[in-house]
Every structure is written in structure tokens, then in C-alpha cells.
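This report refers to the structure that appears directly beneath it.
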Amino acid sequence: TFSGNQHIPSRVRRESMVDLRPIGIPHSIIFEHLCARTYDASKLDEDAERVMLAYRDRGYERVDVGEPITHLRNESGLSWITFRPRKGKRIDIHIPIHEGPRYRLGTITFSGNKAVTNTKALRAQFDMKKGQIFNATTFHKGLQNLRKAYGTLGYINFVATPTPSFNEKTHVINWKIDIDEGKPFYVSRIEFRGNTVTRDFVIRRALLLQEGQIYNSKLWKLSLMRLNQLDYFDPLKVSQDSETHEDAQNGTVDLLLRVHEKGKNAIGLNGGVSGLGGSFIGLNYQTNNFLGLGETLTLQANGGDLHKTFVFGFTEPYFRNKPLQLGFQLSDSKTDYNASKNYSLTGHVSNNYSAATNSLLQNYNQKSVGASLSASYQLPHSFKRIGITYSWNKSSVTAFSAASQNLFQTLSFRSGIQGQNALEGILTSAISLSFSENKLDAEFLPHTGYSFSSAMQVAGIWGSVRYIRPLMEWKQYFPIKGLHLNPQGRNTLGYRVMVSYVRGISGDVAPPFDRTYQGGEQELRGFQIRAGTPYGFVPTRVMFNLTNPDGSPVPRNPSNPSEGAVKVPLPVYGIAPVGGDTSIIGNLEYTIPIYARTVAFKFFDDFGMDMALDQGQLRQSPEGIAALDSPLYGCPNVVNGSCQGGFPIKFSRTINIISGTNYVPRDSVGAAIVAMVPIINAPLTLYYAYNPLRLKTQFNRPNLITRSMFPSGGAGDFSYALAEQFYNGLYQLREPKKTFRLTVSTTF
């Protein structure tokens, strides 16, 4: 309890106490007996100081907090759990207070400042305006900012002594700050300890502060941040891992940095389940500090039921001891895109669909071999980097459904190459220009900072596909302070926003596999890979068996059934996840560290929209659509086992988006446990996600099949009804409500 308080409620003062405040459920006197705190006499004075600071932060600079009075008593009443009389002792705390008047800030003046004569710059370190209610915490932050500002000029022994003067008539407080600058210090030596493998020059080249320069505390802090981004060592902190040894006579300072190296080599066998690779197993070798020179060597082979890949890469971070990073990568991969296997695209197990229906879903694989060369340059004394990358990729598509075959054969993404040749030898030759700035304090489980990256990729030089792809990504992390369970800002709130766009150029459209798709553990965790996409109708020519009412096919030659059944060519629209040209993704995470920066618990919310804004980017080539329009459809008459008297059909010149599948917001919320596994040096994540926003729609295909396309009689009637059942019934796209997955990756 408190006495003497007139302007600030007791609840606010009780909340300012940290060690001896009754916990209660919630914080209140009524429920104090639930989860009461153990009394510790040594912490009573500290809590009294916190009560005083709570007043000073509200303008009561001359508040007087008296000596706390304690009263020991026996327990009374019944236990809320056992309903038996309580036993033990209780201590009640009473704090007397004399608030005094409330002051506003007047002026802040300086004396003794010789090196910095610009008093406006000194005053700008205090985030308080004249006339505001005085806040002691904000004022002391201004003193700290003043000390940091002088620290960037080498004044290590800077001392600022504030003296207040009070105007009791106007209740204004003025401050005079006497500055003792000392003298600037120069860096004499920088030494390292603990780097048994990493060479000294590898560490030294990452530092923004060098020997012989004026000591700059800000540059030294940023230097440790750059070292943390290299991920060679355990996270470094200025207060814990560096020492300064001053030589006041000579005006120099020696710096000592203690590091603890991480395992630079990772050789391991890994496996699991991911949205991209399905069930997979892999062997990998990686070193991020090859021979202690900071070079990165990667060798990885993964095999899964949906994705197989082999990667070999090498990166030299400092070419000829300049901040020029060079690298290359070779890859060989195979990826299956099978909508009939993907629960998220159909809403049902694929076995529930007939072979005719499955033939109209996307089902193909893509084999690719590629190589890339990259170069980037870090701008001096900054975290900004510009880069250029040339990549070459040769891929081939094997279609397992009529819808997939027609999608690649008719879409106008390869000028002058249509038909079956459109699926083979797809060459992508691209140049990408990039700009990035990374101020995150760590690569894995960052706590503070931000990063920005942007790139413009142009494909078409010496290749068979032509498109442009701009991409921008922003990530930022904030330590969460002020919560009673987290007073030092141990937890982290992070978010990411990523926007991308793709568009064909020079008369072409972007290839189907280069359009934007969403889903998977790196974007929308509750959705399958490539599930977040608009869907379209792909024109398809289906050869349908003419069937008798008893289910037997009508033979072309009754005397020789081995020649097969009579085939009726039918115009049908298949269903394809066509991808968008514009993608927007937003991720939000709240991270609670469990063990250092190795294991953490996360709450997350992933949001995304994948949209086809430009219908012209789903344009079909004249050659491809002509190949579908030129044949006749239907079989009104059967003459000697052959169809006669078909009808011409004009398909749409663009792949039309299915209503209700474009501009669909998708959202996934859930929780995850993430751990950096030391053996494989990779993050292992187990998460559960629920999808409150998801695609759920029903539709009918455009019906081009008529009764006149079949011959008269029982076989024609039955075959028409069967075709209507297979191709023109109500169809459903329904994405799952929840996902539970173990994967080797992080989202951002």
C-alpha cells in the first residue's frame, strides 16, 4: 500500500515495482493471494527506487519516497485450492510518498564543450521539447546519447554533469550540463583471442575501425555486428567480448576482442518432410570459413519424392583483399508438380478422381541443369552491397497430363517454338542487378536490426525465354521490452514484406514455371508449395472412347478388337495453377528464445496474395491455338470405324482465370519450435499452422460438349452422359485448414 499519493494511482506505482510486487491473477489487491511472490528484503530498496523513478518520469522530480514499512503477520483465510486454513507468514509493505509539484522542462544549456561548439547538435541528443512534462528516463537517455556522440570522436573519458534549477512559481526545471571532454584517443592496437582457425586478417578486414584511427565507439559496435553477420563466431557483444586498455599519457587505446569459433565444417546426413521436397533425405557438406580464410564451400545432395537436387558452390568474400565477393554455383535438379497428388489443390484424395479428371490437372516434372557466376561489392564503411549475377539454366519438361502438355505447347513463352519442341531445351539466360543493406545483428534468430534487398532480373540474352523480374524484400526485428517477464527485451518481434513481379518482354510471356506461386515453409507455412496461385482453364483436345451402355467400348473393327475403340475428339478445358504475375507476402513472428540463439519458440502470422493482374501475360501463341482450333471435334457419324462430320471449335486466345481464384487473400497463423542442429549446421523447424483465410470455391468448366458431337443411338447417349459426368460437373478447389510439418528451413 501507499500513502501521500494524490495524482498517480496506486496501481501504477505497484506496477513499477519488479521484485516485490504481489503477482495476483490479474495484478490487483483482490487476487493477491494467488501466485504470491516470495519476500526478499535485499530488493526492497531497489523497488522503492523504481517507485521514485515512476514519479520522476511523470514530472515529479522532487518526489520524496519514504522508508518502506513492513508488517509481518500470520496467514489467514482459506486456501483457494484446498479450501483449508492457510499456514505460514505474510509480509505487507507500506511505502509513504510525498509527491511535491509537477515540473515541465525549461532550457538545457551546456558549458565546457570545446570540441563540439554547436550547442544545437548537443541539444538534439535529448528527445524532449521545451514545455513538456519532464521525464527523467528520457533525460538520462539524452545523456547517454551525448556520451555516444562524443565516443564517436574518440573522447573515451567524456563526463557530463547535469545540474538542475527549479522555478517554483512556474514549476519549470532548467538544466545546466557541465561537460568534461577529456582528450581524444587513437587506436594503437587491435588484438584477437580465441581464433584458432580464422586468420587475423580475415577478422581485421571486416572491422570498420582500424589501427591509427581516432577511436570511434559506434564504429567498433558496428564492426562486431559485421563479424556476427559472417557467422564465424558465437554472437559478439561489445560489453562482454571486447576490452579497452587506455594509455592516458600517450592518448591511445588498445582493443582486445575475444571470439569463440563455431564449427566451420558441417558434414551430415539429414532428412525430414518439407513442402518443397516432400519426404526427403540428404547428404551435405558446407564450410563457411574454408581454411580459415572466410571462403565458403558448399556441396549438397538431396533426394525426395517431389524434389531432387545437387548443388556445388564456392564463394570468395574478399578478392585480392578487396571487399569484392566472387562466387559460382553448379546445380542439377528435378522437381515434380503433380496437382493430382497435392491435397491442397483438389480438396480430396486423388484416388477419388477418375483418370479422365486427373488428366485435366497439372502433372509434369522439370529437369534442370544450371550454373551461375556472381560478383558483389560492399560499399566502404557501410553495410550496403551492390552485385551482379549471370545465370544459365537448361530445363526440359515432361508432361504426364493433357492439360500440362497443352499449357506448355500453346502458351506464348518461346517465340517460334511450339508443339512438342516447346517442352525440350528451355534455355534461361539471365542477368540480375542487386542492391542490399543488412544491419541484422545475426543471421540466425536475429534480435535487432533490419535488412533490405532488391534485384532486377532480365532474361533473354542467348536464351529462349524473355522476361523481367523485379523483387524487393524488407525485414526488421525489434526487442520487446517492458513486459514483466521480459524486462530486458529478450524476446523479439520481427516482420518481413516481400513484393515480386514478372512479365514477359519482346512479345513473349513468362514461362509457366517462372510465374509467381506461394506456399510452403519459406512463405506461407500453412499451405503447400505452389498452392497459393490463381487457377485457369487450359484448352485441351481429349480423345474419348465411344462406349456402349453396358460399359464396353465400341470397337473400330468388330472383327479385330485389338485395333482399339472408336475415339471421339472432344473440346475440354483443363484446370491449371497458372501462377500470378504479382506476389505480395507479409510475415510476422514473435520469438521467445529458449536456449541462447540455438533454440527458440515462435508465434507467427503469414499473409499472402498471388495475383494475375495482366491477362495478356496468359496469352497463347497463334501457332499453339491454331493447333487446337484446326481439328474438327465430335463424332456425329461413324463410318468404317472412323469419325465423320465433326464441328470446328474456337478456343479462347488467353487462358482465362477461374472465377474466385484470383485476388484471394491467404493467411496462416500458428506456432513453431526452431533449433539450429550443430551436426548438420541447419535449422530444424517443427510447426503447426491454421489457415483462417484460404481458397474455397466451386465452379463449372465452360461447357463445349454437345449431344450432337456423338452418334445417334444408345452408345451415343451413354457416351455423352459419361463425358458430361467426367468433364462438365461441379468442381471444387479447397485448401486445407491446418498443417503440421517438420522441415529443415526457416521462413525469414
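Identifiers in the C-alpha cells: chain A, B, ... in order shown; residue index from 1 per chain; ligand index from 1 in order shown.
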
What's around range 625-633 of chain A at 8 Å? Count only C-alpha atoms, leave out sequence neighbours fewer than 4 positions away in its own chain, and write the answer as a short mmCIF file (atom, residue, chain, number, x, y, z; two decimals) with N, CA and C atoms, in the first residue's frame.
data_model
loop_
_atom_site.label_atom_id
_atom_site.label_comp_id
_atom_site.auth_asym_id
_atom_site.auth_seq_id
_atom_site.Cartn_x
_atom_site.Cartn_y
_atom_site.Cartn_z
N THR A 410 1.06 -24.44 -75.96
CA THR A 410 0.31 -23.33 -76.55
C THR A 410 0.66 -21.98 -75.95
N PRO A 539 -7.17 -24.93 -72.63
CA PRO A 539 -7.87 -25.67 -73.68
C PRO A 539 -7.15 -26.99 -73.99
N THR A 540 -7.94 -28.03 -74.13
CA THR A 540 -7.39 -29.37 -74.29
C THR A 540 -8.24 -30.17 -75.27
N ARG A 541 -7.59 -30.94 -76.11
CA ARG A 541 -8.27 -31.86 -77.04
C ARG A 541 -8.18 -33.27 -76.46
N VAL A 568 -13.61 -40.33 -79.89
CA VAL A 568 -14.37 -39.11 -80.15
C VAL A 568 -13.54 -37.91 -79.68
N PRO A 569 -13.08 -37.04 -80.57
CA PRO A 569 -12.32 -35.85 -80.13
C PRO A 569 -13.27 -34.84 -79.49
N LEU A 570 -12.96 -34.47 -78.26
CA LEU A 570 -13.82 -33.56 -77.51
C LEU A 570 -13.05 -32.31 -77.10
N PRO A 571 -13.69 -31.12 -77.12
CA PRO A 571 -13.06 -29.89 -76.63
C PRO A 571 -13.33 -29.74 -75.12
N GLN A 620 -1.93 -17.13 -75.41
CA GLN A 620 -1.48 -18.33 -76.11
C GLN A 620 -0.95 -17.94 -77.49
N SER A 621 0.00 -18.66 -77.96
CA SER A 621 0.64 -18.33 -79.23
C SER A 621 -0.30 -18.63 -80.39
N GLY A 646 -17.35 -33.86 -88.06
CA GLY A 646 -17.08 -33.12 -86.83
C GLY A 646 -17.37 -31.64 -86.96
N PHE A 647 -17.19 -30.90 -85.85
CA PHE A 647 -17.51 -29.47 -85.79
C PHE A 647 -16.24 -28.67 -85.45
N PRO A 648 -16.09 -27.47 -86.04
CA PRO A 648 -14.97 -26.59 -85.65
C PRO A 648 -15.26 -25.93 -84.30
N ILE A 649 -14.20 -25.72 -83.54
CA ILE A 649 -14.29 -25.08 -82.23
C ILE A 649 -13.26 -23.97 -82.16
N LYS A 650 -13.66 -22.82 -81.63
CA LYS A 650 -12.75 -21.71 -81.42
C LYS A 650 -12.51 -21.53 -79.92
N PHE A 651 -11.31 -21.88 -79.48
CA PHE A 651 -10.97 -21.72 -78.07
C PHE A 651 -10.59 -20.26 -77.79
N ARG A 653 -8.34 -17.15 -76.78
CA ARG A 653 -6.94 -16.84 -77.13
C ARG A 653 -6.07 -16.63 -75.89
N MET A 709 -22.26 -34.00 -80.84
CA MET A 709 -20.90 -34.49 -81.07
C MET A 709 -20.81 -36.01 -80.99
#

Between A:Phe601, A:Tyr467, A:Tyr727, A:Phe110, which residue has the minimum interatomic distance to Thr492 in chain A, considering only C-alpha atoms? A:Phe601

Write out as JSON, numbers by chain the set of residues from range 301-518 of chain A that DSSP, computed on the backbone, places in strand (DSSP E or B). {"A": [301, 302, 303, 304, 307, 308, 309, 310, 311, 312, 313, 314, 315, 316, 319, 322, 324, 325, 326, 327, 328, 329, 330, 331, 332, 333, 334, 335, 336, 337, 338, 363, 364, 365, 366, 367, 368, 369, 370, 371, 372, 373, 374, 375, 376, 377, 378, 384, 385, 386, 387, 388, 389, 390, 391, 392, 393, 394, 395, 396, 397, 398, 399, 411, 426, 427, 428, 429, 430, 431, 432, 433, 434, 435, 436, 437, 438, 449, 450, 451, 452, 453, 454, 455, 456, 457, 458, 459, 467, 468, 469, 470, 471, 472, 473, 474, 475, 476, 477, 478, 479, 480, 483, 486, 491, 492, 493, 494, 495, 496, 497, 498, 499, 500, 501, 503, 504, 516, 518]}

Within 8 Å of range 168-182 of chain A using only C-alpha atoms, minus same-chain residues under 3 positions, as a ChimeraX atom specification: /A:101-115,134,150,155-165

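Between Phe233 in chain A and the residues A:Ala442, A:Ile97, A:Ile431, A:Ala136, the shortest atom-to-atom distance, using only C-alpha atoms, involves A:Ala442.
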
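Of the residues in range 322-544 of chain A, those that DSSP places in alpha helix (DSSP H) on the basis of the backbone are Tyr343, Ser344, Leu345, Thr346, Ala355, Ala356, Thr357, Asn358, Ala402, Ala403, Ser404, Gln405, Asn406, Leu407, Phe408, Gln409 and Thr410 of chain A.
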
Selection to disk with N, CA, C and O atoms, as a JSON list (two decimals), in the first residue's frame:
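What landed in again_9.json:
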[["chain", "number", "residue", "atom", "x", "y", "z"],
["A", 343, "TYR", "N", -3.03, -32.54, -52.14],
["A", 343, "TYR", "CA", -4.33, -32.42, -51.45],
["A", 343, "TYR", "C", -4.86, -31.01, -51.49],
["A", 343, "TYR", "O", -6.06, -30.78, -51.58],
["A", 344, "SER", "N", -3.96, -30.04, -51.44],
["A", 344, "SER", "CA", -4.40, -28.65, -51.33],
["A", 344, "SER", "C", -5.07, -28.15, -52.60],
["A", 344, "SER", "O", -5.80, -27.17, -52.57],
["A", 345, "LEU", "N", -4.84, -28.80, -53.75],
["A", 345, "LEU", "CA", -5.43, -28.31, -54.98],
["A", 345, "LEU", "C", -6.81, -28.90, -55.25],
["A", 345, "LEU", "O", -7.58, -28.36, -56.01],
["A", 346, "THR", "N", -7.13, -30.03, -54.67],
["A", 346, "THR", "CA", -8.36, -30.70, -55.02],
["A", 346, "THR", "C", -9.35, -30.77, -53.88],
["A", 346, "THR", "O", -10.54, -30.82, -54.10],
["A", 355, "ALA", "N", -9.59, -41.23, -63.96],
["A", 355, "ALA", "CA", -8.43, -40.98, -64.81],
["A", 355, "ALA", "C", -8.69, -39.81, -65.74],
["A", 355, "ALA", "O", -7.78, -39.04, -66.06],
["A", 356, "ALA", "N", -9.95, -39.67, -66.19],
["A", 356, "ALA", "CA", -10.27, -38.55, -67.07],
["A", 356, "ALA", "C", -10.09, -37.22, -66.36],
["A", 356, "ALA", "O", -9.55, -36.27, -66.92],
["A", 357, "THR", "N", -10.53, -37.15, -65.11],
["A", 357, "THR", "CA", -10.38, -35.90, -64.36],
["A", 357, "THR", "C", -8.92, -35.60, -64.07],
["A", 357, "THR", "O", -8.45, -34.47, -64.21],
["A", 358, "ASN", "N", -8.16, -36.62, -63.66],
["A", 358, "ASN", "CA", -6.75, -36.41, -63.37],
["A", 358, "ASN", "C", -5.97, -35.97, -64.61],
["A", 358, "ASN", "O", -4.97, -35.27, -64.50],
["A", 402, "ALA", "N", -2.78, -34.22, -70.24],
["A", 402, "ALA", "CA", -3.08, -33.42, -71.42],
["A", 402, "ALA", "C", -3.08, -31.93, -71.10],
["A", 402, "ALA", "O", -2.64, -31.10, -71.90],
["A", 403, "ALA", "N", -3.54, -31.57, -69.90],
["A", 403, "ALA", "CA", -3.58, -30.15, -69.53],
["A", 403, "ALA", "C", -2.17, -29.57, -69.45],
["A", 403, "ALA", "O", -1.92, -28.46, -69.91],
["A", 404, "SER", "N", -1.23, -30.32, -68.87],
["A", 404, "SER", "CA", 0.14, -29.83, -68.78],
["A", 404, "SER", "C", 0.78, -29.73, -70.15],
["A", 404, "SER", "O", 1.49, -28.76, -70.46],
["A", 405, "GLN", "N", 0.54, -30.73, -70.98],
["A", 405, "GLN", "CA", 1.14, -30.71, -72.31],
["A", 405, "GLN", "C", 0.63, -29.51, -73.11],
["A", 405, "GLN", "O", 1.41, -28.79, -73.74],
["A", 406, "ASN", "N", -0.66, -29.25, -73.04],
["A", 406, "ASN", "CA", -1.20, -28.12, -73.79],
["A", 406, "ASN", "C", -0.75, -26.78, -73.21],
["A", 406, "ASN", "O", -0.55, -25.81, -73.95],
["A", 407, "LEU", "N", -0.58, -26.71, -71.88],
["A", 407, "LEU", "CA", -0.13, -25.46, -71.27],
["A", 407, "LEU", "C", 1.22, -25.04, -71.83],
["A", 407, "LEU", "O", 1.42, -23.88, -72.19],
["A", 408, "PHE", "N", 2.14, -25.97, -71.92],
["A", 408, "PHE", "CA", 3.48, -25.63, -72.40],
["A", 408, "PHE", "C", 3.54, -25.51, -73.92],
["A", 408, "PHE", "O", 4.36, -24.78, -74.46],
["A", 409, "GLN", "N", 2.67, -26.24, -74.61],
["A", 409, "GLN", "CA", 2.73, -26.22, -76.07],
["A", 409, "GLN", "C", 2.03, -25.01, -76.68],
["A", 409, "GLN", "O", 2.35, -24.60, -77.79],
["A", 410, "THR", "N", 1.06, -24.44, -75.96],
["A", 410, "THR", "CA", 0.31, -23.33, -76.55],
["A", 410, "THR", "C", 0.66, -21.98, -75.95],
["A", 410, "THR", "O", 0.48, -20.96, -76.62]]

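Within 12 Å of range 249-252 of chain A, once only C-alpha atoms are used and residues closer than 2 positions along the same chain are dropped, the contacting residues are Gly154, Tyr155, Ile156, Asn157, Gly182, Lys183, Pro184, Phe185, Tyr186, Val187, Ser188, Arg189, Ile190, Glu211, Gly212, Gln213, Ile214, Tyr215, Thr244, His245, Glu246, Asp247, Asp254 and Leu255 of chain A.
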
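Residue nearest Pro534 in chain A within the list A:Gly660, A:Gly520, A:Pro549, A:Pro593: A:Gly660 [criterion: smallest interatomic distance, only C-alpha atoms].
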
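Restricting the calculation to only C-alpha atoms, the smallest distance between Phe607 in chain A and any of A:Val566, A:Pro512, A:Tyr495, A:Ile705 is found for A:Tyr495.
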